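Trainee: Next up, coords_26.txt (compact mmCIF, C-alpha atoms).
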```txt
# COMPACT_ATOMS: atom_id res chain seq x y z
CA MET D 218 -51.46 -8.74 -48.41
CA ALA D 219 -52.26 -8.94 -52.11
CA ALA D 220 -51.27 -6.12 -54.42
CA THR D 221 -54.16 -3.70 -54.88
CA SER D 222 -53.32 -2.92 -58.49
CA SER D 223 -51.26 -4.25 -61.37
CA LEU D 224 -49.04 -1.18 -61.02
CA LYS D 225 -48.34 -1.97 -57.39
CA SER D 226 -47.47 -5.60 -58.02
CA SER D 227 -45.22 -4.72 -60.94
CA LEU D 228 -43.26 -2.10 -59.03
CA LEU D 229 -42.62 -3.94 -55.78
CA LEU D 230 -39.85 -6.48 -56.07
CA PRO D 231 -38.57 -9.07 -53.62
CA SER D 232 -35.19 -8.17 -52.19
CA THR D 233 -31.94 -9.52 -53.61
CA ILE D 234 -30.11 -11.79 -51.18
CA SER D 235 -26.43 -11.17 -50.57
CA ASP D 236 -23.83 -11.61 -47.89
CA PHE D 237 -21.67 -8.90 -46.28
CA SER D 238 -19.24 -8.80 -49.20
CA GLY D 239 -21.95 -8.70 -51.84
CA ALA D 240 -21.67 -12.36 -52.94
CA ALA D 241 -24.81 -14.42 -53.29
CA ALA D 242 -25.98 -16.08 -50.10
CA ALA D 243 -27.93 -19.32 -49.97
CA VAL D 244 -31.57 -19.31 -48.93
CA SER D 245 -34.13 -22.04 -49.22
CA ILE D 246 -35.34 -22.65 -52.76
CA SER D 247 -38.94 -22.71 -51.59
CA THR D 248 -38.60 -19.23 -50.08
CA GLN D 249 -37.09 -17.87 -53.27
CA LYS D 250 -39.85 -19.40 -55.39
CA ARG D 251 -42.58 -17.96 -53.20
CA ARG D 252 -41.04 -14.50 -53.39
CA SER D 253 -40.22 -14.46 -57.09
CA ARG D 254 -43.83 -14.29 -58.21
CA GLY D 255 -44.01 -10.50 -57.73
CA ALA D 256 -46.75 -10.62 -55.11
CA ARG D 257 -46.53 -8.55 -51.96
CA VAL D 258 -45.14 -10.39 -48.96
CA GLN D 259 -47.55 -11.07 -46.12
CA VAL D 260 -46.13 -10.00 -42.77
CA SER D 261 -47.59 -10.94 -39.42
CA ALA D 262 -47.56 -7.68 -37.51
CA ALA D 263 -49.08 -5.97 -34.54
CA ALA D 264 -52.17 -3.82 -34.94
CA ASP D 265 -50.08 -0.63 -34.89
CA SER D 266 -47.70 -1.77 -37.61
CA LYS D 267 -46.96 0.73 -40.35
CA ASN D 268 -46.44 0.53 -44.08
CA ILE D 269 -43.02 2.21 -44.24
CA LEU D 270 -40.97 3.46 -47.17
CA VAL D 271 -37.25 3.97 -46.65
CA MET D 272 -35.62 6.20 -49.25
CA GLY D 273 -32.21 4.54 -49.52
CA GLY D 274 -31.48 1.79 -47.07
CA THR D 275 -28.80 -0.39 -48.60
CA ARG D 276 -25.54 1.39 -47.75
CA PHE D 277 -25.22 2.29 -44.08
CA ILE D 278 -27.87 3.85 -41.82
CA GLY D 279 -30.79 2.13 -43.54
CA VAL D 280 -29.17 -1.30 -43.24
CA PHE D 281 -29.49 -1.12 -39.46
CA LEU D 282 -32.70 0.90 -39.32
CA SER D 283 -34.62 -1.43 -41.62
CA ARG D 284 -33.79 -4.39 -39.38
CA LEU D 285 -35.21 -2.63 -36.34
CA LEU D 286 -38.39 -1.74 -38.21
CA VAL D 287 -38.92 -5.26 -39.55
CA LYS D 288 -38.35 -6.77 -36.09
CA GLU D 289 -41.14 -4.58 -34.75
CA GLY D 290 -43.55 -5.95 -37.33
CA HIS D 291 -43.65 -3.08 -39.80
CA GLN D 292 -43.88 -3.62 -43.55
CA VAL D 293 -40.70 -2.06 -44.94
CA THR D 294 -39.98 -1.15 -48.55
CA LEU D 295 -36.57 0.15 -49.64
CA PHE D 296 -36.55 2.63 -52.52
CA THR D 297 -33.23 2.40 -54.38
CA ARG D 298 -31.86 2.47 -57.91
CA GLY D 299 -31.07 -1.23 -57.57
CA LYS D 300 -27.36 -0.80 -58.25
CA ALA D 301 -26.36 -2.45 -54.95
CA PRO D 302 -27.67 -5.65 -53.35
CA ILE D 303 -30.89 -4.88 -51.53
CA THR D 304 -29.99 -6.91 -48.46
CA GLN D 305 -26.71 -8.12 -47.06
CA GLN D 306 -25.97 -10.47 -44.20
CA LEU D 307 -24.13 -8.69 -41.42
CA PRO D 308 -21.31 -10.17 -39.36
CA GLY D 309 -22.79 -11.67 -36.23
CA GLU D 310 -26.20 -12.06 -37.85
CA SER D 311 -27.33 -15.68 -37.96
CA ASP D 312 -28.50 -17.32 -41.18
CA ALA D 313 -31.98 -17.62 -39.69
CA GLU D 314 -32.12 -13.93 -38.70
CA TYR D 315 -30.94 -12.87 -42.12
CA ALA D 316 -33.33 -15.16 -43.98
CA ASP D 317 -36.22 -13.83 -41.89
CA PHE D 318 -35.30 -10.20 -42.56
CA SER D 319 -34.66 -10.63 -46.27
CA SER D 320 -37.92 -12.54 -46.74
CA LYS D 321 -39.93 -9.62 -45.37
CA VAL D 322 -38.30 -6.48 -46.76
CA LEU D 323 -39.54 -5.25 -50.14
CA HIS D 324 -37.78 -3.29 -52.86
CA LEU D 325 -39.09 -0.47 -55.02
CA LYS D 326 -36.61 0.14 -57.82
CA GLY D 327 -36.40 3.63 -59.25
CA ASP D 328 -34.57 6.94 -59.41
CA ARG D 329 -35.84 9.54 -56.96
CA GLN D 330 -34.89 12.22 -59.49
CA ASP D 331 -37.62 10.81 -61.75
CA PHE D 332 -40.34 12.77 -60.00
CA GLU D 333 -43.24 11.46 -62.06
CA PHE D 334 -42.24 7.87 -61.32
CA VAL D 335 -41.91 8.72 -57.62
CA LYS D 336 -45.39 10.24 -57.50
CA THR D 337 -47.02 7.39 -59.43
CA SER D 338 -45.35 4.52 -57.61
CA LEU D 339 -45.73 5.95 -54.12
CA ALA D 340 -49.36 6.89 -54.65
CA ALA D 341 -50.06 3.30 -55.73
CA ASN D 342 -48.66 1.94 -52.48
CA GLY D 343 -50.01 4.51 -50.02
CA TYR D 344 -47.24 4.45 -47.43
CA ASP D 345 -47.97 5.53 -43.86
CA VAL D 346 -44.46 6.70 -43.02
CA VAL D 347 -41.43 7.78 -45.03
CA TYR D 348 -37.88 7.59 -43.73
CA ASP D 349 -35.80 9.81 -46.00
CA ILE D 350 -32.21 8.74 -45.41
CA ASN D 351 -30.57 10.06 -48.58
CA GLY D 352 -32.51 13.21 -49.45
CA ARG D 353 -30.32 16.24 -50.01
CA GLU D 354 -32.60 18.79 -51.70
CA ALA D 355 -36.12 20.00 -51.03
CA VAL D 356 -37.07 19.43 -54.67
CA GLN D 357 -36.56 15.69 -54.08
CA VAL D 358 -39.06 15.70 -51.23
CA GLU D 359 -41.95 17.60 -52.80
CA PRO D 360 -43.13 14.76 -55.10
CA ILE D 361 -43.15 12.37 -52.14
CA ILE D 362 -45.40 14.67 -50.15
CA GLU D 363 -47.69 15.19 -53.15
CA ALA D 364 -47.99 11.44 -53.71
CA LEU D 365 -48.95 10.68 -50.11
CA PRO D 366 -51.71 13.06 -48.92
CA ASN D 367 -52.50 10.77 -45.97
CA LEU D 368 -48.90 10.44 -44.85
CA GLN D 369 -48.69 10.03 -41.07
CA GLN D 370 -45.04 11.03 -40.60
CA TYR D 371 -42.02 12.11 -42.63
CA ILE D 372 -38.77 11.30 -40.82
CA TYR D 373 -35.80 13.06 -42.33
CA CYS D 374 -32.05 12.54 -42.00
CA SER D 375 -30.61 16.04 -41.83
CA SER D 376 -27.14 16.98 -40.55
CA ALA D 377 -25.52 18.91 -37.72
CA GLY D 378 -23.49 20.46 -40.53
CA VAL D 379 -26.34 22.95 -41.01
CA TYR D 380 -25.35 24.90 -37.90
CA LEU D 381 -23.48 28.18 -38.27
CA LYS D 382 -19.91 27.98 -37.01
CA SER D 383 -19.84 29.40 -33.50
CA ASP D 384 -17.51 30.08 -30.57
CA ILE D 385 -20.28 28.91 -28.22
CA LEU D 386 -20.74 25.16 -28.16
CA PRO D 387 -22.26 22.58 -28.17
CA HIS D 388 -24.74 23.27 -30.97
CA CYS D 389 -28.34 23.06 -29.79
CA GLU D 390 -31.53 22.56 -31.78
CA VAL D 391 -33.75 25.56 -32.55
CA VAL D 392 -31.84 28.11 -30.44
CA ASP D 393 -28.61 27.96 -32.45
CA ALA D 394 -28.26 29.78 -35.74
CA VAL D 395 -28.03 27.78 -38.95
CA ASP D 396 -25.88 28.54 -41.96
CA PRO D 397 -27.89 29.24 -45.13
CA LYS D 398 -24.66 28.94 -47.13
CA SER D 399 -23.75 25.55 -45.68
CA ARG D 400 -23.07 22.75 -48.14
CA HIS D 401 -26.03 21.12 -46.36
CA LYS D 402 -28.36 24.04 -47.14
CA GLY D 403 -30.59 21.67 -49.09
CA LYS D 404 -31.37 19.89 -45.84
CA LEU D 405 -32.34 23.20 -44.22
CA GLU D 406 -34.60 23.95 -47.16
CA THR D 407 -36.16 20.51 -46.80
CA GLU D 408 -36.95 21.12 -43.13
CA SER D 409 -38.56 24.44 -44.13
CA LEU D 410 -40.58 22.73 -46.88
CA LEU D 411 -41.92 20.09 -44.51
CA THR D 412 -42.97 22.80 -42.07
CA SER D 413 -44.67 24.91 -44.74
CA ARG D 414 -46.62 21.95 -46.13
CA GLY D 415 -48.11 21.07 -42.78
CA VAL D 416 -46.59 17.60 -42.73
CA ASN D 417 -46.05 15.76 -39.46
CA TRP D 418 -42.26 15.63 -39.71
CA THR D 419 -39.24 14.81 -37.57
CA SER D 420 -35.68 15.76 -38.44
CA ILE D 421 -32.59 14.01 -37.10
CA ARG D 422 -29.27 15.89 -37.21
CA PRO D 423 -26.31 13.53 -36.74
CA VAL D 424 -22.78 14.85 -36.27
CA TYR D 425 -20.14 12.39 -37.56
CA ILE D 426 -21.47 8.85 -37.95
CA TYR D 427 -19.29 5.76 -37.65
CA GLY D 428 -19.73 2.00 -37.47
CA PRO D 429 -19.67 -1.10 -39.71
CA LEU D 430 -20.34 -0.38 -43.41
CA ASN D 431 -19.45 3.32 -43.06
CA TYR D 432 -18.92 4.64 -46.59
CA ASN D 433 -17.40 7.88 -45.33
CA PRO D 434 -13.69 7.61 -44.43
CA VAL D 435 -14.09 8.35 -40.73
CA GLU D 436 -12.64 5.56 -38.59
CA GLU D 437 -11.44 3.77 -41.73
CA TRP D 438 -9.02 6.64 -42.42
CA PHE D 439 -7.29 6.03 -39.09
CA PHE D 440 -7.43 2.22 -39.36
CA HIS D 441 -5.62 2.26 -42.72
CA ARG D 442 -2.72 4.21 -41.24
CA LEU D 443 -2.58 2.18 -38.07
CA LYS D 444 -2.53 -1.09 -39.98
CA ALA D 445 0.28 0.18 -42.22
CA GLY D 446 2.29 1.25 -39.17
CA ARG D 447 2.42 4.83 -40.42
CA PRO D 448 2.44 8.11 -38.47
CA ILE D 449 -0.95 9.81 -38.35
CA PRO D 450 -0.92 13.40 -39.69
CA ILE D 451 -3.30 15.68 -37.78
CA PRO D 452 -3.91 19.35 -38.58
CA GLY D 453 -3.08 22.05 -36.06
CA ALA D 454 -2.38 21.16 -32.46
CA GLY D 455 -4.71 18.16 -32.49
CA ASN D 456 -6.85 19.58 -29.69
CA GLN D 457 -9.81 20.39 -31.90
CA ILE D 458 -12.90 18.87 -30.30
CA THR D 459 -15.37 16.82 -32.33
CA GLN D 460 -18.04 14.16 -31.81
CA LEU D 461 -18.92 10.79 -33.26
CA GLY D 462 -22.06 8.68 -32.95
CA HIS D 463 -22.40 4.97 -33.70
CA VAL D 464 -24.75 4.05 -36.55
CA LYS D 465 -26.68 1.59 -34.38
CA ASP D 466 -27.40 4.32 -31.83
CA LEU D 467 -28.54 6.55 -34.67
CA ALA D 468 -30.83 3.81 -36.00
CA ARG D 469 -32.35 3.43 -32.54
CA ALA D 470 -33.08 7.15 -32.45
CA PHE D 471 -34.77 6.98 -35.85
CA ASN D 472 -36.88 4.11 -34.56
CA LEU D 473 -37.83 5.94 -31.36
CA VAL D 474 -39.33 8.93 -33.15
CA LEU D 475 -41.71 6.74 -35.17
CA GLY D 476 -45.26 7.56 -34.10
CA ASN D 477 -43.95 9.46 -31.09
CA PRO D 478 -46.04 12.58 -30.33
CA LYS D 479 -42.99 14.18 -28.67
CA ALA D 480 -41.18 13.99 -32.00
CA SER D 481 -43.87 15.77 -34.00
CA LYS D 482 -42.37 18.71 -35.91
CA GLN D 483 -39.18 18.47 -33.87
CA ILE D 484 -35.45 18.44 -34.57
CA PHE D 485 -33.06 16.20 -32.62
CA ASN D 486 -29.27 16.16 -32.59
CA ILE D 487 -27.99 12.59 -32.39
CA SER D 488 -24.40 11.58 -31.67
CA GLY D 489 -22.17 10.19 -28.93
CA ALA D 490 -22.56 11.31 -25.33
CA LYS D 491 -18.99 12.60 -25.08
CA TYR D 492 -16.66 14.67 -27.21
CA VAL D 493 -13.13 13.86 -28.32
CA THR D 494 -10.07 15.71 -29.63
CA PHE D 495 -8.46 14.76 -32.94
CA ASP D 496 -5.46 13.37 -31.06
CA GLY D 497 -7.77 11.48 -28.72
CA LEU D 498 -9.64 9.99 -31.65
CA ALA D 499 -6.43 8.67 -33.18
CA ARG D 500 -5.52 7.02 -29.89
CA ALA D 501 -9.05 5.62 -29.48
CA CYS D 502 -8.86 4.03 -32.95
CA ALA D 503 -5.52 2.46 -32.05
CA LYS D 504 -6.98 1.03 -28.84
CA ALA D 505 -10.04 -0.27 -30.68
CA GLY D 506 -7.94 -2.13 -33.25
CA GLY D 507 -5.34 -3.41 -30.79
CA PHE D 508 -2.57 -1.30 -32.33
CA PRO D 509 0.37 0.29 -30.47
CA GLU D 510 0.21 3.92 -29.38
CA PRO D 511 0.30 5.86 -32.67
CA GLU D 512 2.86 8.45 -33.67
CA LEU D 513 1.01 11.71 -34.26
CA VAL D 514 2.44 14.32 -36.63
CA HIS D 515 0.91 17.80 -36.46
CA TYR D 516 1.03 20.18 -39.40
CA ASN D 517 -0.26 23.54 -40.59
CA PRO D 518 -2.72 22.97 -43.48
CA LYS D 519 -2.01 26.46 -44.82
CA GLU D 520 1.52 25.38 -45.72
CA PHE D 521 0.29 22.81 -48.24
CA ASP D 522 -1.56 22.66 -51.53
CA PHE D 523 -3.34 19.31 -51.54
CA GLY D 524 -5.36 20.13 -54.64
CA LYS D 525 -8.66 18.27 -54.61
CA LYS D 526 -7.42 15.64 -52.18
CA LYS D 527 -8.67 15.67 -48.62
CA ALA D 528 -5.80 15.35 -46.16
CA PHE D 529 -7.97 14.77 -43.06
CA PRO D 530 -11.51 13.39 -42.76
CA PHE D 531 -12.88 16.01 -40.33
CA ARG D 532 -13.52 19.72 -40.58
CA ASP D 533 -10.61 21.57 -38.95
CA GLN D 534 -12.56 23.20 -36.14
CA HIS D 535 -14.42 22.47 -32.92
CA PHE D 536 -17.65 20.77 -33.97
CA PHE D 537 -20.03 19.02 -31.59
CA ALA D 538 -23.69 19.12 -30.60
CA SER D 539 -25.82 18.59 -27.52
CA VAL D 540 -27.94 15.41 -27.45
CA GLU D 541 -29.74 16.45 -24.27
CA LYS D 542 -33.05 17.03 -26.06
CA ALA D 543 -33.16 13.50 -27.46
CA THR D 544 -32.21 12.09 -24.07
CA SER D 545 -34.83 14.03 -22.11
CA GLU D 546 -37.72 13.94 -24.59
CA LEU D 547 -37.24 10.59 -26.33
CA GLY D 548 -35.58 8.63 -23.55
CA TRP D 549 -32.74 7.88 -25.96
CA THR D 550 -29.20 7.32 -24.74
CA PRO D 551 -26.22 6.02 -26.72
CA GLU D 552 -25.37 2.38 -26.01
CA PHE D 553 -21.81 2.73 -27.29
CA ASP D 554 -19.05 4.80 -25.78
CA LEU D 555 -16.39 5.83 -28.27
CA VAL D 556 -13.84 3.05 -27.76
CA GLN D 557 -16.56 0.38 -27.55
CA GLY D 558 -18.13 1.68 -30.75
CA LEU D 559 -14.84 1.87 -32.61
CA THR D 560 -14.00 -1.66 -31.46
CA ASN D 561 -17.38 -2.84 -32.76
CA SER D 562 -16.72 -1.16 -36.09
CA TYR D 563 -13.21 -2.59 -36.37
CA ASN D 564 -14.19 -6.15 -35.40
CA LEU D 565 -17.19 -6.29 -37.75
CA ASP D 566 -15.67 -4.50 -40.72
CA PHE D 567 -12.08 -3.31 -41.16
CA GLY D 568 -10.65 -6.05 -38.96
CA ARG D 569 -12.26 -8.60 -41.29
CA GLY D 570 -10.51 -7.09 -44.28
CA THR D 571 -13.52 -5.16 -45.58
CA PHE D 572 -13.50 -1.43 -46.23
CA ARG D 573 -15.00 1.04 -48.69
CA LYS D 574 -11.91 2.91 -49.95
CA GLU D 575 -8.37 1.81 -50.60
CA ALA D 576 -5.65 3.49 -48.58
CA ASP D 577 -4.22 6.65 -50.14
CA PHE D 578 -1.20 8.11 -48.39
CA THR D 579 -0.40 10.79 -50.98
CA THR D 580 -1.15 13.77 -48.73
CA ASP D 581 0.47 12.02 -45.76
CA ASP D 582 3.72 11.73 -47.70
CA MET D 583 3.60 15.41 -48.62
CA ILE D 584 3.27 16.31 -44.93
CA LEU D 585 5.91 13.86 -43.72
CA ASP D 586 8.40 14.85 -46.44
CA LYS D 587 8.10 18.50 -45.45
CA LYS D 588 8.53 17.63 -41.78
CA LEU D 589 11.68 15.62 -42.53
CA ALA D 590 13.09 18.46 -44.64
CA THR D 591 12.78 20.90 -41.76
CA VAL D 592 14.40 18.64 -39.16
```
Would you write the structure of this file as structure tokens?
Mentor:
Amino acid sequence: MAATSSLKSSLLLPSTISDFSGAAAAVSISTQKRRSRGARVQVSAAADSKNILVMGGTRFIGVFLSRLLVKEGHQVTLFTRGKAPITQQLPGESDAEYADFSSKVLHLKGDRQDFEFVKTSLAANGYDVVYDINGREAVQVEPIIEALPNLQQYIYCSSAGVYLKSDILPHCEVVDAVDPKSRHKGKLETESLLTSRGVNWTSIRPVYIYGPLNYNPVEEWFFHRLKAGRPIPIPGAGNQITQLGHVKDLARAFNLVLGNPKASKQIFNISGAKYVTFDGLARACAKAGGFPEPELVHYNPKEFDFGKKKAFPFRDQHFFASVEKATSELGWTPEFDLVQGLTNSYNLDFGRGTFRKEADFTTDDMILDKKLATV
């Protein structure tokens, strides 16, 4: 498909090729030459293929989602600031699979806070569908809607963190109260904006997400301590119940709502099928990584001043949501149980020596020192 304007051809860039660690990966010289001319890439696709823009797409969720979309024949453009490699070869992904994906995905470089650029560049490309993976505030979404008057669907990554803390669980869509003072209130305001503007929207509310490339210290926090052979400090009694969902299951849910009439103007919680206690999660991480049964040390957070450091990666409360709506209306079910998913994450990421944050045991030592002093 040739670019329809000089603006379009100048804004759309071929993706940068990289491997899992960010180093340059080899592709055929002929492929690189064909794609370096700035022209739009021609993709053989089915008649119902969509021209899709993914806001974000190079860190975590979008890495897996974009692959699913490309495999189904959609034209996918990733909108990023270009600070990270646009594509990266995943462990277990063949050279041929990676070369095929990276030859088809496009890149639109820009800052979504530059609203005039967003409106101009998106209007020039006329996307059918937007996946907004990294939007946090409604003001970031308005220029996208204005630029695309013929938009078919806006699919938004919200958060189960918008629900008001409750004694009655699990959290359920629509019927459960939301917290207007939540740190995720911008996502609530975005859902309200999409409704008020008459857009065909779908909102996905994950709980805690885990899996390879996770940039939040979820499973990685436990793996660091297990690898170092250290006790694992857990707040309270360790029986707080929470919920994790694998990123690949989340990507599948995002894919299932595309063009799905049952997803029109609907909210879906997405996470694992079962819940787990903090203690149970520590043991599951140990099992996933092949570590011995961990030593768990419980403490009262109120007895410590950790300053700005976070001593534990989860909110200290029961926090889980029902995924029944997604199961019944979308036909979605998680493929990973918790230990399987954690094993997948460990084998494809931490177990290979790759992680996002270095280990920091400062708060652990504060807890353990106090425990030793009281013995």
Trainee: Could I get the residues of region 495-546 of chain D with an atom no further than 12 Å from an atom of region 391-408 of chain D, each paired with its nearest atom pair and that distance in Å to one decimal, using only C-alpha atoms, sorted by chain and residue number, as a tab-separated table?
Mentor:
```
residue	atom	partner	partner_atom	distance
D:Ala538	CA	D:Asp393	CA	10.3
D:Ser539	CA	D:Asp393	CA	10.9
D:Lys542	CA	D:Val391	CA	10.7
```
Trainee: Do a neighbour search on His441 (chain D) at 10 Å with all atoms listed in the file, toss out local chain neighbours closer than 5 positions, and write the hits as a list in words.
Mentor: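 The neighbour list is Pro434, Glu436, Gly446, Arg447, Ile449, Phe567, Phe572, Lys574, Glu575, Ala576, Asp577 and Phe578 of chain D.
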Trainee: Any chance you could export the current selection's C-alpha atoms as a PDB file, keeping the file's coordinate frame?
Mentor:
```
ATOM      1  CA  PRO D 434     -13.690   7.610 -44.430  1.00  0.00           C
ATOM      2  CA  GLU D 436     -12.640   5.560 -38.590  1.00  0.00           C
ATOM      3  CA  GLY D 446       2.290   1.250 -39.170  1.00  0.00           C
ATOM      4  CA  ARG D 447       2.420   4.830 -40.420  1.00  0.00           C
ATOM      5  CA  ILE D 449      -0.950   9.810 -38.350  1.00  0.00           C
ATOM      6  CA  PHE D 567     -12.080  -3.310 -41.160  1.00  0.00           C
ATOM      7  CA  PHE D 572     -13.500  -1.430 -46.230  1.00  0.00           C
ATOM      8  CA  LYS D 574     -11.910   2.910 -49.950  1.00  0.00           C
ATOM      9  CA  GLU D 575      -8.370   1.810 -50.600  1.00  0.00           C
ATOM     10  CA  ALA D 576      -5.650   3.490 -48.580  1.00  0.00           C
ATOM     11  CA  ASP D 577      -4.220   6.650 -50.140  1.00  0.00           C
ATOM     12  CA  PHE D 578      -1.200   8.110 -48.390  1.00  0.00           C
TER      13      PHE D 578
END
```
Trainee: Go through D:Tyr516, D:Phe537, D:Phe281, D:Phe521 one by one, measure the shortest atom-to-atom distance of each to Thr459 (chain D) using all atoms listed in the file, and give the residue with the smallest value.
Mentor: D:Phe537
Trainee: Just give me the gap between CA of Thr571 (chain D) and CA of Pro530 (chain D) in Å, one decimal is fine.
Mentor: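 CA of Pro530 (chain D) lies at a distance of 18.9 Å from CA of Thr571 (chain D).
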Trainee: For the interface of region 320-378 of chain D with region 469-478 of chain D (cut-off 12 Å, counting all atoms listed in the file), please tabulate each contacting residue of region 320-378 of chain D alongside its nearest pair of atoms and their separation in Å to one decimal, rows sorted by chain and increasing number, as JSON lines.
Mentor:
```
{"residue": "D:Asp345", "atom": "CA", "partner": "D:Gly476", "partner_atom": "CA", "distance": 10.3}
{"residue": "D:Val346", "atom": "CA", "partner": "D:Leu475", "partner_atom": "CA", "distance": 8.3}
{"residue": "D:Val347", "atom": "CA", "partner": "D:Leu475", "partner_atom": "CA", "distance": 9.9}
{"residue": "D:Tyr348", "atom": "CA", "partner": "D:Phe471", "partner_atom": "CA", "distance": 8.5}
{"residue": "D:Asp349", "atom": "CA", "partner": "D:Phe471", "partner_atom": "CA", "distance": 10.6}
{"residue": "D:Ile350", "atom": "CA", "partner": "D:Phe471", "partner_atom": "CA", "distance": 10.1}
{"residue": "D:Leu368", "atom": "CA", "partner": "D:Gly476", "partner_atom": "CA", "distance": 11.7}
{"residue": "D:Gln369", "atom": "CA", "partner": "D:Gly476", "partner_atom": "CA", "distance": 8.2}
{"residue": "D:Gln370", "atom": "CA", "partner": "D:Gly476", "partner_atom": "CA", "distance": 7.4}
{"residue": "D:Tyr371", "atom": "CA", "partner": "D:Leu475", "partner_atom": "CA", "distance": 9.2}
{"residue": "D:Ile372", "atom": "CA", "partner": "D:Phe471", "partner_atom": "CA", "distance": 7.7}
{"residue": "D:Tyr373", "atom": "CA", "partner": "D:Phe471", "partner_atom": "CA", "distance": 8.9}
{"residue": "D:Cys374", "atom": "CA", "partner": "D:Phe471", "partner_atom": "CA", "distance": 8.7}
{"residue": "D:Ser375", "atom": "CA", "partner": "D:Phe471", "partner_atom": "CA", "distance": 11.6}
```
Trainee: Looking at D:Ser562, D:Ser320, D:Ser383, D:Ser481, which one is nearest to Val464 (chain D), with distances taken over only C-alpha atoms?
Mentor: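 Looking only at the distances to Val464 (chain D), the closest residue turns out to be D:Ser562.
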Trainee: Mind listing whatever residues come within 8 Å of the point (-35.4, 18.0, -32.8)? Use all atoms listed in the file, file coordinates, and give them as a ChimeraX atom specification.
Mentor: /D:390-391,419-422,480,482-486,542-543
Trainee: Hey, which of D:Val280, D:Val271, D:Ala505, D:Ala341 ends up closest to Phe439 (chain D)? Count all atoms listed in the file.
Mentor: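 The shortest atom-to-atom distance to Phe439 (chain D) comes from D:Ala505.
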Trainee: How many Å separate CA of Pro429 (chain D) from CA of Asn351 (chain D)?
Mentor: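 Spanning CA of Pro429 (chain D) to CA of Asn351 (chain D) is a straight-line distance of 17.9 Å.
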Trainee: Excluding same-chain residues fewer than 4 positions from Glu512 (chain D), what lies within 12 Å of it counting only C-alpha atoms, as a tab-separated table (two decimals) with C-alpha atoms, in the coordinates of the input?
Mentor:
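So the final result, stored in around_35.tsv, reads:
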```tsv
chain	number	residue	atom	x	y	z
D	439	PHE	CA	-7.29	6.03	-39.09
D	442	ARG	CA	-2.72	4.21	-41.24
D	443	LEU	CA	-2.58	2.18	-38.07
D	446	GLY	CA	2.29	1.25	-39.17
D	447	ARG	CA	2.42	4.83	-40.42
D	448	PRO	CA	2.44	8.11	-38.47
D	449	ILE	CA	-0.95	9.81	-38.35
D	450	PRO	CA	-0.92	13.40	-39.69
D	451	ILE	CA	-3.30	15.68	-37.78
D	496	ASP	CA	-5.46	13.37	-31.06
D	499	ALA	CA	-6.43	8.67	-33.18
D	500	ARG	CA	-5.52	7.02	-29.89
D	503	ALA	CA	-5.52	2.46	-32.05
D	508	PHE	CA	-2.57	-1.30	-32.33
D	585	LEU	CA	5.91	13.86	-43.72
```
Trainee: Could you check which of D:Thr275, D:Asn564, D:Gln457, D:Asn517 is closest to Gly299 (chain D), using all atoms listed in the file?
Mentor: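 Between D:Thr275, D:Asn564, D:Gln457, D:Asn517, the residue approaching Gly299 (chain D) most closely is D:Thr275.
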Trainee: What is the CA of Leu410 (chain D) to CA of Gln357 (chain D) distance in Å?
Mentor: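 Atom-to-atom, CA of Leu410 (chain D) and CA of Gln357 (chain D) are spaced 10.8 Å apart.
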Trainee: Applying 9 Å and only C-alpha atoms, which residues near Arg284 (chain D) remain after dropping the ones on its own chain fewer than 4 positions away? List them as a list in words.
Mentor: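 My reading of the contact set: Gly279, Val280, Lys288, Glu289, Phe318 and Val322 of chain D.
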